[in-house]
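Participant: Here you go, this is final_23.txt (compact mmCIF, C-alpha atoms).
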# COMPACT_ATOMS: atom_id res chain seq x y z
CA MET D 394 87.33 105.81 65.55
CA ASP D 395 84.93 106.02 68.50
CA VAL D 396 86.47 104.14 71.44
CA LYS D 397 83.00 103.19 72.71
CA SER D 398 82.67 100.79 69.80
CA LEU D 399 86.06 99.14 70.27
CA PRO D 400 86.71 95.75 71.95
CA ASP D 401 89.09 95.13 74.86
CA PHE D 402 92.03 95.71 72.52
CA ARG D 403 92.78 96.24 68.86
CA PHE D 404 95.84 96.82 66.69
CA PHE D 405 95.83 99.79 64.31
CA PRO D 406 98.59 100.22 61.72
CA TYR D 407 99.90 103.75 61.35
CA ARG D 408 101.96 105.07 58.46
CA VAL D 409 105.21 106.97 58.55
CA LYS D 410 104.26 110.62 58.29
CA TYR D 411 106.55 113.54 59.02
CA PRO D 412 104.70 116.59 60.33
CA SER D 413 107.23 119.11 59.07
CA VAL D 414 109.96 119.51 56.45
CA GLU D 415 112.74 119.26 59.02
CA PHE D 416 112.11 115.54 59.42
CA GLN D 417 112.96 114.82 55.80
CA GLU D 418 116.51 114.93 57.13
CA LEU D 419 115.65 112.23 59.67
CA LEU D 420 114.61 109.46 57.31
CA PRO D 421 115.98 106.04 58.34
CA THR D 422 119.65 105.67 57.44
CA ASP D 423 122.33 103.07 57.78
CA ASN D 424 122.73 104.17 61.40
CA PRO D 425 120.18 102.01 63.26
CA LEU D 426 118.53 102.99 66.53
CA THR D 427 120.30 101.48 69.55
CA LEU D 428 120.31 102.16 73.27
CA LYS D 429 123.13 103.34 75.50
CA THR D 430 121.26 102.67 78.76
CA SER D 431 117.88 101.84 80.26
CA SER D 432 115.85 104.90 81.23
CA SER D 433 112.52 106.60 80.67
CA TRP D 434 111.08 109.99 79.73
CA THR D 435 107.62 111.07 80.83
CA TYR D 436 105.43 114.03 79.98
CA CYS D 437 102.02 114.93 81.41
CA GLY D 438 100.13 117.82 79.88
CA PRO D 439 98.39 119.04 76.71
CA LEU D 440 99.19 117.31 73.43
CA LEU D 441 102.76 118.13 72.46
CA THR D 442 103.60 120.29 69.47
CA LEU D 443 105.39 117.86 67.17
CA GLU D 444 108.38 120.03 66.41
CA SER D 445 111.76 119.17 67.88
CA CYS D 446 112.42 122.80 68.85
CA ASN D 447 109.24 122.91 70.94
CA LEU D 448 109.74 119.74 72.96
CA PRO D 449 110.55 120.05 76.70
CA SER D 450 114.29 120.37 77.23
CA SER D 451 114.33 117.23 79.37
CA PHE D 452 113.47 115.21 76.25
CA ASN D 453 116.70 116.24 74.58
CA THR D 454 118.62 115.49 77.79
CA TRP D 455 117.04 112.03 77.89
CA ALA D 456 117.48 111.24 74.19
CA GLU D 457 121.15 112.29 74.09
CA ALA D 458 121.99 110.13 77.11
CA THR D 459 119.86 107.13 76.13
CA VAL D 460 119.64 106.71 72.37
CA SER D 461 122.15 106.30 69.55
CA GLY D 462 120.57 107.39 66.27
CA SER D 463 117.45 109.50 65.92
CA ILE D 464 114.24 108.44 67.63
CA MET D 465 112.31 111.38 66.15
CA PRO D 466 111.00 109.80 62.89
CA SER D 467 109.43 106.76 64.52
CA LEU D 468 108.25 108.66 67.61
CA PHE D 469 106.65 111.51 65.69
CA SER D 470 105.01 109.09 63.25
CA PHE D 471 103.33 107.36 66.18
CA LEU D 472 102.39 110.58 67.97
CA THR D 473 100.89 112.03 64.79
CA TYR D 474 98.54 109.04 64.71
CA VAL D 475 97.89 109.30 68.46
CA HIS D 476 97.01 112.98 68.30
CA ASP D 477 94.53 112.36 65.49
CA PHE D 478 92.99 109.44 67.40
CA LEU D 479 92.66 111.44 70.62
CA THR D 480 91.27 114.53 68.91
CA LYS D 481 88.55 112.43 67.29
CA ASN D 482 87.65 111.19 70.76
CA ASN D 483 87.58 114.68 72.32
CA GLN D 484 90.83 114.24 74.24
CA SER D 485 93.51 116.93 74.34
CA HIS D 486 95.71 115.94 77.32
CA TYR D 487 97.74 112.84 78.09
CA TRP D 488 100.33 111.07 80.20
CA LEU D 489 103.08 109.99 77.81
CA THR D 490 105.98 107.70 78.73
CA ILE D 491 108.85 106.48 76.55
CA ARG D 492 110.56 103.53 78.21
CA ALA D 493 113.93 102.42 76.84
CA SER D 494 115.16 99.04 78.09
CA LYS D 495 118.35 97.13 77.46
CA GLY D 496 117.94 93.40 76.96
CA SER D 497 117.40 91.18 80.00
CA ASP D 498 115.77 87.94 81.10
CA GLU D 499 113.20 89.77 83.26
CA PHE D 500 110.27 88.70 81.08
CA ASP D 501 111.38 85.24 80.06
CA THR D 502 108.48 84.29 82.32
CA PRO D 503 105.50 86.35 81.11
CA ARG D 504 103.82 88.81 83.46
CA TRP D 505 100.16 88.42 82.52
CA HIS D 506 98.11 91.25 83.96
CA THR D 507 95.59 93.98 83.35
CA ASP D 508 96.73 97.54 83.96
CA ASP D 509 95.27 99.31 86.98
CA LEU D 510 92.69 102.03 86.55
CA PHE D 511 94.10 105.55 86.76
CA PHE D 512 90.70 107.17 87.18
CA SER D 513 87.63 105.95 89.04
CA PRO D 514 84.22 107.19 87.81
CA LEU D 515 82.58 110.11 89.56
CA GLN D 516 80.42 108.69 92.35
CA PRO D 517 77.40 110.23 94.04
CA PRO D 518 78.13 111.50 97.56
CA ILE D 519 77.71 108.99 100.39
CA ASN D 520 77.20 109.44 104.10
CA HIS D 521 80.63 110.06 105.65
CA ALA D 522 79.81 108.25 108.91
CA ARG D 523 78.62 105.18 107.02
CA ARG D 524 81.78 105.16 104.92
CA GLN D 525 84.05 105.37 107.95
CA SER D 526 82.31 102.38 109.56
CA LEU D 527 83.31 100.19 106.62
CA PHE D 528 87.05 100.62 107.11
CA SER D 529 89.12 98.59 109.52
CA PRO D 530 92.10 100.22 111.30
CA ILE D 531 94.60 98.48 108.99
CA THR D 532 92.67 99.69 105.94
CA ASN D 533 92.75 103.27 107.19
CA LEU D 534 96.50 102.97 107.57
CA LEU D 535 96.86 101.58 104.06
CA LYS D 536 94.60 104.29 102.66
CA SER D 537 96.75 106.95 104.27
CA THR D 538 99.73 105.69 102.28
CA TRP D 539 98.01 106.66 99.07
CA THR D 540 96.13 109.80 100.06
CA GLY D 541 99.26 111.35 101.51
CA PRO D 542 98.00 112.84 104.80
CA LYS D 543 100.19 114.96 107.01
CA SER D 544 101.67 113.16 109.98
CA GLN D 545 99.50 115.05 112.46
CA GLU D 546 96.41 113.92 110.55
CA LEU D 547 97.33 110.25 110.72
CA ALA D 548 96.23 109.81 114.29
CA THR D 549 92.74 111.02 113.48
CA GLN D 550 92.42 108.47 110.67
CA ILE D 551 93.39 105.42 112.74
CA GLN D 552 90.60 104.86 115.25
CA PRO D 553 90.11 101.96 117.68
CA SER D 554 88.09 99.14 116.18
CA ASN D 555 84.37 99.19 116.85
CA PRO D 556 82.93 95.89 118.11
CA GLU D 557 79.58 96.75 116.54
CA THR D 558 81.10 96.90 113.08
CA GLU D 559 83.59 94.04 113.60
CA GLN D 560 80.81 91.48 113.73
CA TYR D 561 80.11 92.05 110.05
CA HIS D 562 83.68 91.10 109.08
CA HIS D 563 83.91 93.59 106.24
CA PRO D 564 86.75 92.62 103.89
CA PRO D 565 89.59 95.12 103.77
CA THR D 566 89.49 97.61 100.93
CA ILE D 567 92.42 97.26 98.55
CA PRO D 568 94.58 100.40 98.58
CA THR D 569 94.61 102.29 95.32
CA ALA D 570 96.39 105.14 93.60
CA GLN D 571 93.33 105.95 91.52
CA ILE D 572 92.07 109.48 91.11
CA SER D 573 88.36 110.14 91.51
CA SER D 574 87.51 111.48 88.07
CA THR D 575 85.54 114.64 87.43
CA SER D 576 83.66 112.59 84.83
CA SER D 577 81.23 109.70 85.16
CA ASN D 578 82.95 108.18 82.12
CA PRO D 579 86.73 108.57 82.59
CA THR D 580 89.23 107.59 79.93
CA ASN D 581 90.25 104.18 81.23
CA TRP D 582 92.03 103.08 78.08
CA LYS D 583 95.44 103.69 76.55
CA LEU D 584 97.43 103.64 73.32
CA THR D 585 100.85 102.03 73.01
CA THR D 586 103.46 101.04 70.47
CA THR D 587 106.98 99.62 70.33
CA LEU D 588 109.47 101.71 68.37
CA LEU D 589 112.28 99.18 68.76
CA GLY D 590 112.26 95.52 69.73
CA PRO D 591 109.41 93.02 70.18
CA GLY D 592 105.80 94.11 70.67
CA THR D 593 103.51 93.53 73.65
CA LEU D 594 101.82 90.12 74.03
CA PHE D 595 98.03 89.81 74.37
CA ILE D 596 95.60 87.02 75.15
CA PRO D 597 93.22 86.87 72.13
CA ALA D 598 89.92 88.73 72.46
CA ALA D 599 87.92 85.48 72.27
CA THR D 600 89.42 84.22 75.54
CA ASN D 601 90.28 87.52 77.22
CA SER D 602 87.31 87.42 79.60
CA LEU D 603 88.34 83.92 80.71
CA ALA D 604 91.90 85.15 81.24
CA ARG D 605 90.59 88.06 83.35
CA ALA D 606 88.61 85.63 85.50
CA THR D 607 91.72 83.48 85.93
CA GLN D 608 93.73 86.53 86.97
CA GLN D 609 91.08 87.63 89.45
CA ALA D 610 90.90 84.15 91.01
CA ALA D 611 94.70 84.08 91.41
CA LYS D 612 94.74 87.52 93.03
CA THR D 613 91.85 86.67 95.34
CA ALA D 614 93.59 83.49 96.47
CA ALA D 615 96.83 85.40 97.14
CA ARG D 616 95.00 88.06 99.15
CA ALA D 617 93.19 85.43 101.18
CA ALA D 618 96.45 83.61 101.88
CA ASP D 619 98.17 86.75 103.14
CA PRO D 620 95.66 89.51 104.02
CA ASP D 621 98.47 91.75 105.31
CA HIS D 622 99.60 92.16 101.71
CA ILE D 623 96.30 92.64 99.95
CA CYS D 624 97.51 94.98 97.22
CA VAL D 625 99.29 92.11 95.39
CA SER D 626 101.69 94.61 93.92
CA VAL D 627 105.17 95.90 94.63
CA ARG D 628 104.57 97.99 97.75
CA CYS D 629 106.85 96.08 100.14
CA VAL D 630 108.73 92.78 100.21
CA GLY D 631 105.60 90.86 101.23
CA CYS D 632 103.50 92.40 98.48
CA ALA D 633 106.26 91.81 95.95
CA MET D 634 106.37 88.13 96.93
CA ALA D 635 102.59 87.90 96.60
CA ALA D 636 102.75 89.55 93.17
CA GLU D 637 105.49 87.15 92.05
CA SER D 638 103.39 84.22 93.24
CA VAL D 639 100.45 85.43 91.16
CA ARG D 640 102.75 85.94 88.17
CA ALA D 641 104.11 82.40 88.37
CA GLN D 642 100.60 80.94 88.72
CA LEU D 643 99.23 82.88 85.74
CA ALA D 644 102.23 81.92 83.61
CA VAL D 645 101.20 78.29 84.09
CA GLU D 646 97.42 78.70 83.92
CA LEU D 647 97.46 80.97 80.87
CA GLY D 648 100.31 79.13 79.19
CA GLY D 649 97.88 77.09 77.12
CA HIS D 650 96.22 80.13 75.55
CA SER D 651 97.18 81.30 72.11
CA ILE D 652 98.94 84.67 71.97
CA VAL D 653 98.81 87.64 69.61
CA GLN D 654 101.62 90.16 69.41
CA ALA D 655 101.72 93.76 68.24
CA SER D 656 104.01 94.37 65.24
CA ALA D 657 106.22 97.29 64.36
CA GLY D 658 104.20 100.21 63.02
CA GLU D 659 101.06 99.23 64.95
CA CYS D 660 99.29 101.31 67.57
CA VAL D 661 97.60 99.21 70.22
CA PHE D 662 94.36 100.41 71.78
CA PHE D 663 93.44 98.58 74.97
CA ARG D 664 91.24 98.99 77.97
CA VAL D 665 92.49 98.90 81.56
CA GLY D 666 91.09 97.65 84.87
CA GLU D 667 90.29 94.19 86.18
CA ASP D 668 86.72 94.24 84.84
CA GLU D 669 87.28 95.25 81.21
CA GLY D 670 91.05 95.38 80.75
CA ALA D 671 93.04 93.47 78.15
CA VAL D 672 95.24 90.76 79.66
CA HIS D 673 98.76 91.28 78.34
CA SER D 674 102.44 90.86 79.13
CA GLU D 675 105.76 92.37 78.26
CA PRO D 676 107.52 90.18 75.68
CA ARG D 677 110.72 88.25 76.13
CA SER D 678 113.38 90.75 75.10
CA HIS D 679 117.11 90.07 75.13
CA GLY D 680 117.88 93.10 72.97
CA ASP D 681 117.14 96.82 73.02
CA ARG D 682 113.48 97.82 73.30
CA VAL D 683 111.72 101.21 73.18
CA PHE D 684 108.10 101.15 74.33
CA VAL D 685 105.72 104.14 74.25
CA ASN D 686 102.71 104.37 76.54
CA VAL D 687 99.96 107.00 76.20
CA VAL D 688 97.23 107.43 78.84
CA PRO D 689 94.71 110.11 77.83
CA GLY D 690 92.78 111.97 80.50
CA HIS D 691 90.68 115.01 81.25
CA GLU D 692 92.85 117.95 82.23
CA ALA D 693 91.37 118.14 85.74
CA ASP D 694 91.99 114.42 86.30
CA LEU D 695 95.62 114.61 85.16
CA ARG D 696 96.19 117.71 87.28
CA ALA D 697 94.84 115.84 90.30
CA LEU D 698 97.03 112.83 89.52
CA MET D 699 100.15 114.98 89.36
CA ALA D 700 99.19 116.90 92.50
CA LYS D 701 98.77 113.62 94.36
CA TRP D 702 102.45 112.95 93.69
CA GLY D 703 103.44 116.50 94.58
CA MET D 704 104.18 117.55 91.00
CA GLU D 705 103.21 120.56 88.91
CA TYR D 706 101.12 120.34 85.76
CA PRO D 707 102.14 120.26 82.99
CA ARG D 708 105.52 118.68 83.57
CA ALA D 709 108.14 116.51 81.86
CA TRP D 710 110.91 114.48 83.48
CA CYS D 711 113.30 111.62 82.86
CA VAL D 712 114.40 108.86 85.19
CA GLY D 713 117.39 106.53 85.24
CA LEU D 714 120.07 108.62 83.58
CA PRO D 715 123.59 108.00 84.92
CA LEU D 716 125.37 111.07 86.25
CA ASP D 717 129.16 110.98 86.33
CA ILE D 718 130.52 112.57 89.50
CA GLY D 719 134.22 111.81 89.08
CA GLU D 720 136.60 109.03 90.09
CA GLY D 721 134.56 106.49 88.16
CA GLU D 722 131.53 106.95 90.41
CA GLU D 723 128.04 107.58 89.18
CA CYS D 724 124.57 108.06 90.60
CA LEU D 725 121.10 108.13 89.12
CA ARG D 726 119.35 111.39 88.48
CA ASP D 727 115.82 112.57 87.82
CA VAL D 728 115.66 115.51 85.46
CA GLY D 729 112.42 117.46 85.77
CA TYR D 730 111.13 120.29 83.69
CA ASP D 731 108.22 122.58 84.52
CA ILE D 732 106.53 123.83 81.38
Could you write out this structure as structure tokens?

Facilitator:
Amino acid sequence: MDVKSLPDFRFFPYRVKYPSVEFQELLPTDNPLTLKTSSSWTYCGPLLTLESCNLPSSFNTWAEATVSGSIMPSLFSFLTYVHDFLTKNNQSHYWLTIRASKGSDEFDTPRWHTDDLFFSPLQPPINHARRQSLFSPITNLLKSTWTGPKSQELATQIQPSNPETEQYHHPPTIPTAQISSTSSNPTNWKLTTTLLGPGTLFIPAATNSLARATQQAAKTAARAADPDHICVSVRCVGCAMAAESVRAQLAVELGGHSIVQASAGECVFFRVGEDEGAVHSEPRSHGDRVFVNVVPGHEADLRALMAKWGMEYPRAWCVGLPLDIGEGEECLRDVGYDI
């Protein structure tokens, strides 16, 4: 399936298929899949070899601490489909996250949104002096948060405002964690599924463009109301409050739209970004839920993304596992694994 021909989102059923004989022993039994805790496991690198003995060791650490029952049959069935889909679209690397969540009321109010772009298209070079003139001092400071400069470099980035450029009142540039892609056509789409619990909610394709426009209007209004928190995301208390305001507004304004929901055994393809992304929300979930998110990318782009966060490539890690340290105390640990 060529992704260029696909709409904003589409559901694809995938069949249970075990890639090796060993998984005949892992057919569903009377022991259902349940969760011990909320946590996540992430891998960024070439497509995994779908054999349990070849998975990063951190996966086993995560699964043993998080899951009761075997997650392998359902996970490998999905990844078998994903690998075939990606290979047909000339992709051989991805960012894979398995997110296990205990039930809560966090999404009783839907969180309608489009996912942010990971990769921005390759742009032709522009005049550096012209580019610098477009940034206000506060924008330079916000940009530095995401580009990770050394402290001694910060002073050179924050320059006194220039009266000649102030008269144009250039709007501040929204800070971003995007990576400038090595390609003019980066892979700004993803594949997801739910192995346990309710599936993701989507605004139907027929009204998705209207929902995107509604989202953009809500974000623009929030940014105008509080320009010091223009990212409208969880960066600080102010930004979190702005994001929550947008969430509440969209819950009301999009509440009249019909909703479609992914079912068990369905892979969801959807585009990301405010211009073409599918408007969706996490479902209400008061029970255990296991969600799998796959972001494909060119190797150079994923390497740059990992390097931006100070991490090696390829790499696998888990987050949120409790670590007993005696006397009834516990802390949270991150378990990383360089491959």

Participant: List every protein, DNA or RNA residue with an atom no more than 8 Å from (96.9, 83.8, 89.7) in the file's coordinates, counting only C-alpha atoms, and format the result as a list in words.

Facilitator: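 Counting only C-alpha atoms, I find these residues within 8 Å of (96.9, 83.8, 89.7): Thr607, Gln608, Gln609, Ala610, Ala611, Lys612, Ala614, Ala615, Ser638, Val639, Arg640, Ala641, Gln642, Leu643 and Glu646 of chain D.
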
Participant: Any idea what the distance is between CA of Thr593 (chain D) and CA of Gly462 (chain D)?

Facilitator: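 We find that CA of Thr593 (chain D) and CA of Gly462 (chain D) lie 23.2 Å from each other.
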
Participant: I'd like the interatomic distance between CA of Leu588 (chain D) and CA of Asp668 (chain D), to a tenth of an Å.

Facilitator: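 Here the two named atoms are 29.1 Å from each other.
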
Participant: Find, counting all atoms listed in the file, the residue in D:Ile596, D:Leu584, D:Leu510, D:Leu479 that gets nearest to Phe684 (chain D).

Facilitator: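 Closest to Phe684 (chain D), using all atoms listed in the file: D:Leu584.
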
Participant: Quote the spacing between CA of Glu499 (chain D) and CA of Glu637 (chain D) in Å to one decimal place.

Facilitator: 12.0 Å

Participant: With distances taken over all atoms listed in the file, which of D:Gly680, D:Pro439, D:Gly590, D:Gly648 is nearest to Ala604 (chain D)?

Facilitator: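 Result for the nearest residue to Ala604 (chain D): D:Gly648.
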
Participant: Counting all atoms listed in the file, find the residues whose atoms lie at most 12 Å from (110.9, 90.3, 70.1) (file coordinates) and write them out as a list of chain:residue names.

Facilitator: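 Residues with an atom at most 12 Å from (110.9, 90.3, 70.1): D:Gly496, D:Ser497, D:Phe500, D:Asp501, D:Thr587, D:Leu588, D:Leu589, D:Gly590, D:Pro591, D:Gly592, D:Thr593, D:Leu594, D:Gln654, D:Ala655, D:Ser656, D:Ala657, D:Glu675, D:Pro676, D:Arg677, D:Ser678, D:His679, D:Gly680, D:Asp681, D:Arg682, D:Val683, D:Phe684.
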
Participant: Could you tell me which of D:Asp401, D:Glu667, D:Asp477, D:Asp619 comes closest to Phe595 (chain D) if we count all atoms listed in the file?

Facilitator: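 Distance minimum relative to Phe595 (chain D) lands on D:Asp401.
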
Participant: May I have the residues within 8 Å of Ser463 (chain D) as JSON, numbers by chain, using all atoms listed in the file and disregarding those fewer than 2 positions away in the same chain?

Facilitator: {"D": [419, 426, 460, 461, 465, 466]}

Participant: Would you mind exporting the chosen residues as an mmCIF file, keeping the file's coordinate frame, restricted to C-alpha atoms?

Facilitator:
data_model
loop_
_atom_site.group_PDB
_atom_site.id
_atom_site.type_symbol
_atom_site.label_atom_id
_atom_site.label_comp_id
_atom_site.auth_asym_id
_atom_site.auth_seq_id
_atom_site.Cartn_x
_atom_site.Cartn_y
_atom_site.Cartn_z
ATOM 1 C CA LEU D 419 115.650 112.230 59.670
ATOM 2 C CA LEU D 426 118.530 102.990 66.530
ATOM 3 C CA VAL D 460 119.640 106.710 72.370
ATOM 4 C CA SER D 461 122.150 106.300 69.550
ATOM 5 C CA MET D 465 112.310 111.380 66.150
ATOM 6 C CA PRO D 466 111.000 109.800 62.890
#

Participant: Counting only C-alpha atoms, which residue out of D:Ile491, D:Leu603, D:Val475, D:Ala693 sits closest to Ser576 (chain D)?

Facilitator: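 Looking only at the distances to Ser576 (chain D), the closest residue turns out to be D:Ala693.
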
Participant: Counting only C-alpha atoms, figure out which residue out of D:Tyr706, D:Leu489, D:Gly649, D:Arg605 gets nearest to Glu669 (chain D).

Facilitator: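 Among the listed residues, D:Arg605 lies closest to Glu669 (chain D).
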
Participant: Out of D:Met634, D:Gly690, D:Trp455, D:Asn483, which residue has the shortest atom-to-atom distance to Met394 (chain D) when counting all atoms listed in the file?

Facilitator: D:Asn483

Participant: For Ala458 (chain D), find every residue with an atom within 8 Å (counting only C-alpha atoms), except residues of its own chain fewer than 6 positions away, and show them as a PyMOL selection string.

Facilitator: chain D and resi 429-430+714

Participant: Can you pull out every residue within 12 Å of Ala709 (chain D), counting only C-alpha atoms, but drop anything in the same chain fewer than 2 positions away, and send it as number ranges by chain?

Facilitator: D: 433-439, 441, 448-455, 487-491, 699, 704-707, 711-712, 727-732

Participant: For C-alpha atoms, I'd like the residues from the last selection saved as a PDB file, in the coordinates of the input.

Facilitator:
ATOM      1  CA  SER D 433     112.520 106.600  80.670  1.00  0.00           C
ATOM      2  CA  TRP D 434     111.080 109.990  79.730  1.00  0.00           C
ATOM      3  CA  THR D 435     107.620 111.070  80.830  1.00  0.00           C
ATOM      4  CA  TYR D 436     105.430 114.030  79.980  1.00  0.00           C
ATOM      5  CA  CYS D 437     102.020 114.930  81.410  1.00  0.00           C
ATOM      6  CA  GLY D 438     100.130 117.820  79.880  1.00  0.00           C
ATOM      7  CA  PRO D 439      98.390 119.040  76.710  1.00  0.00           C
ATOM      8  CA  LEU D 441     102.760 118.130  72.460  1.00  0.00           C
ATOM      9  CA  LEU D 448     109.740 119.740  72.960  1.00  0.00           C
ATOM     10  CA  PRO D 449     110.550 120.050  76.700  1.00  0.00           C
ATOM     11  CA  SER D 450     114.290 120.370  77.230  1.00  0.00           C
ATOM     12  CA  SER D 451     114.330 117.230  79.370  1.00  0.00           C
ATOM     13  CA  PHE D 452     113.470 115.210  76.250  1.00  0.00           C
ATOM     14  CA  ASN D 453     116.700 116.240  74.580  1.00  0.00           C
ATOM     15  CA  THR D 454     118.620 115.490  77.790  1.00  0.00           C
ATOM     16  CA  TRP D 455     117.040 112.030  77.890  1.00  0.00           C
ATOM     17  CA  TYR D 487      97.740 112.840  78.090  1.00  0.00           C
ATOM     18  CA  TRP D 488     100.330 111.070  80.200  1.00  0.00           C
ATOM     19  CA  LEU D 489     103.080 109.990  77.810  1.00  0.00           C
ATOM     20  CA  THR D 490     105.980 107.700  78.730  1.00  0.00           C
ATOM     21  CA  ILE D 491     108.850 106.480  76.550  1.00  0.00           C
ATOM     22  CA  MET D 699     100.150 114.980  89.360  1.00  0.00           C
ATOM     23  CA  MET D 704     104.180 117.550  91.000  1.00  0.00           C
ATOM     24  CA  GLU D 705     103.210 120.560  88.910  1.00  0.00           C
ATOM     25  CA  TYR D 706     101.120 120.340  85.760  1.00  0.00           C
ATOM     26  CA  PRO D 707     102.140 120.260  82.990  1.00  0.00           C
ATOM     27  CA  CYS D 711     113.300 111.620  82.860  1.00  0.00           C
ATOM     28  CA  VAL D 712     114.400 108.860  85.190  1.00  0.00           C
ATOM     29  CA  ASP D 727     115.820 112.570  87.820  1.00  0.00           C
ATOM     30  CA  VAL D 728     115.660 115.510  85.460  1.00  0.00           C
ATOM     31  CA  GLY D 729     112.420 117.460  85.770  1.00  0.00           C
ATOM     32  CA  TYR D 730     111.130 120.290  83.690  1.00  0.00           C
ATOM     33  CA  ASP D 731     108.220 122.580  84.520  1.00  0.00           C
ATOM     34  CA  ILE D 732     106.530 123.830  81.380  1.00  0.00           C
TER      35      ILE D 732
END

Participant: Give me, as a list in words, all polymer residues having an atom no more than 8 Å from Leu443 (chain D), counting all atoms listed in the file and skipping those fewer than 5 positions away in the same chain.

Facilitator: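 My list of contacting residues is Pro412, Leu448, Phe469, Leu472 and Thr473 of chain D.
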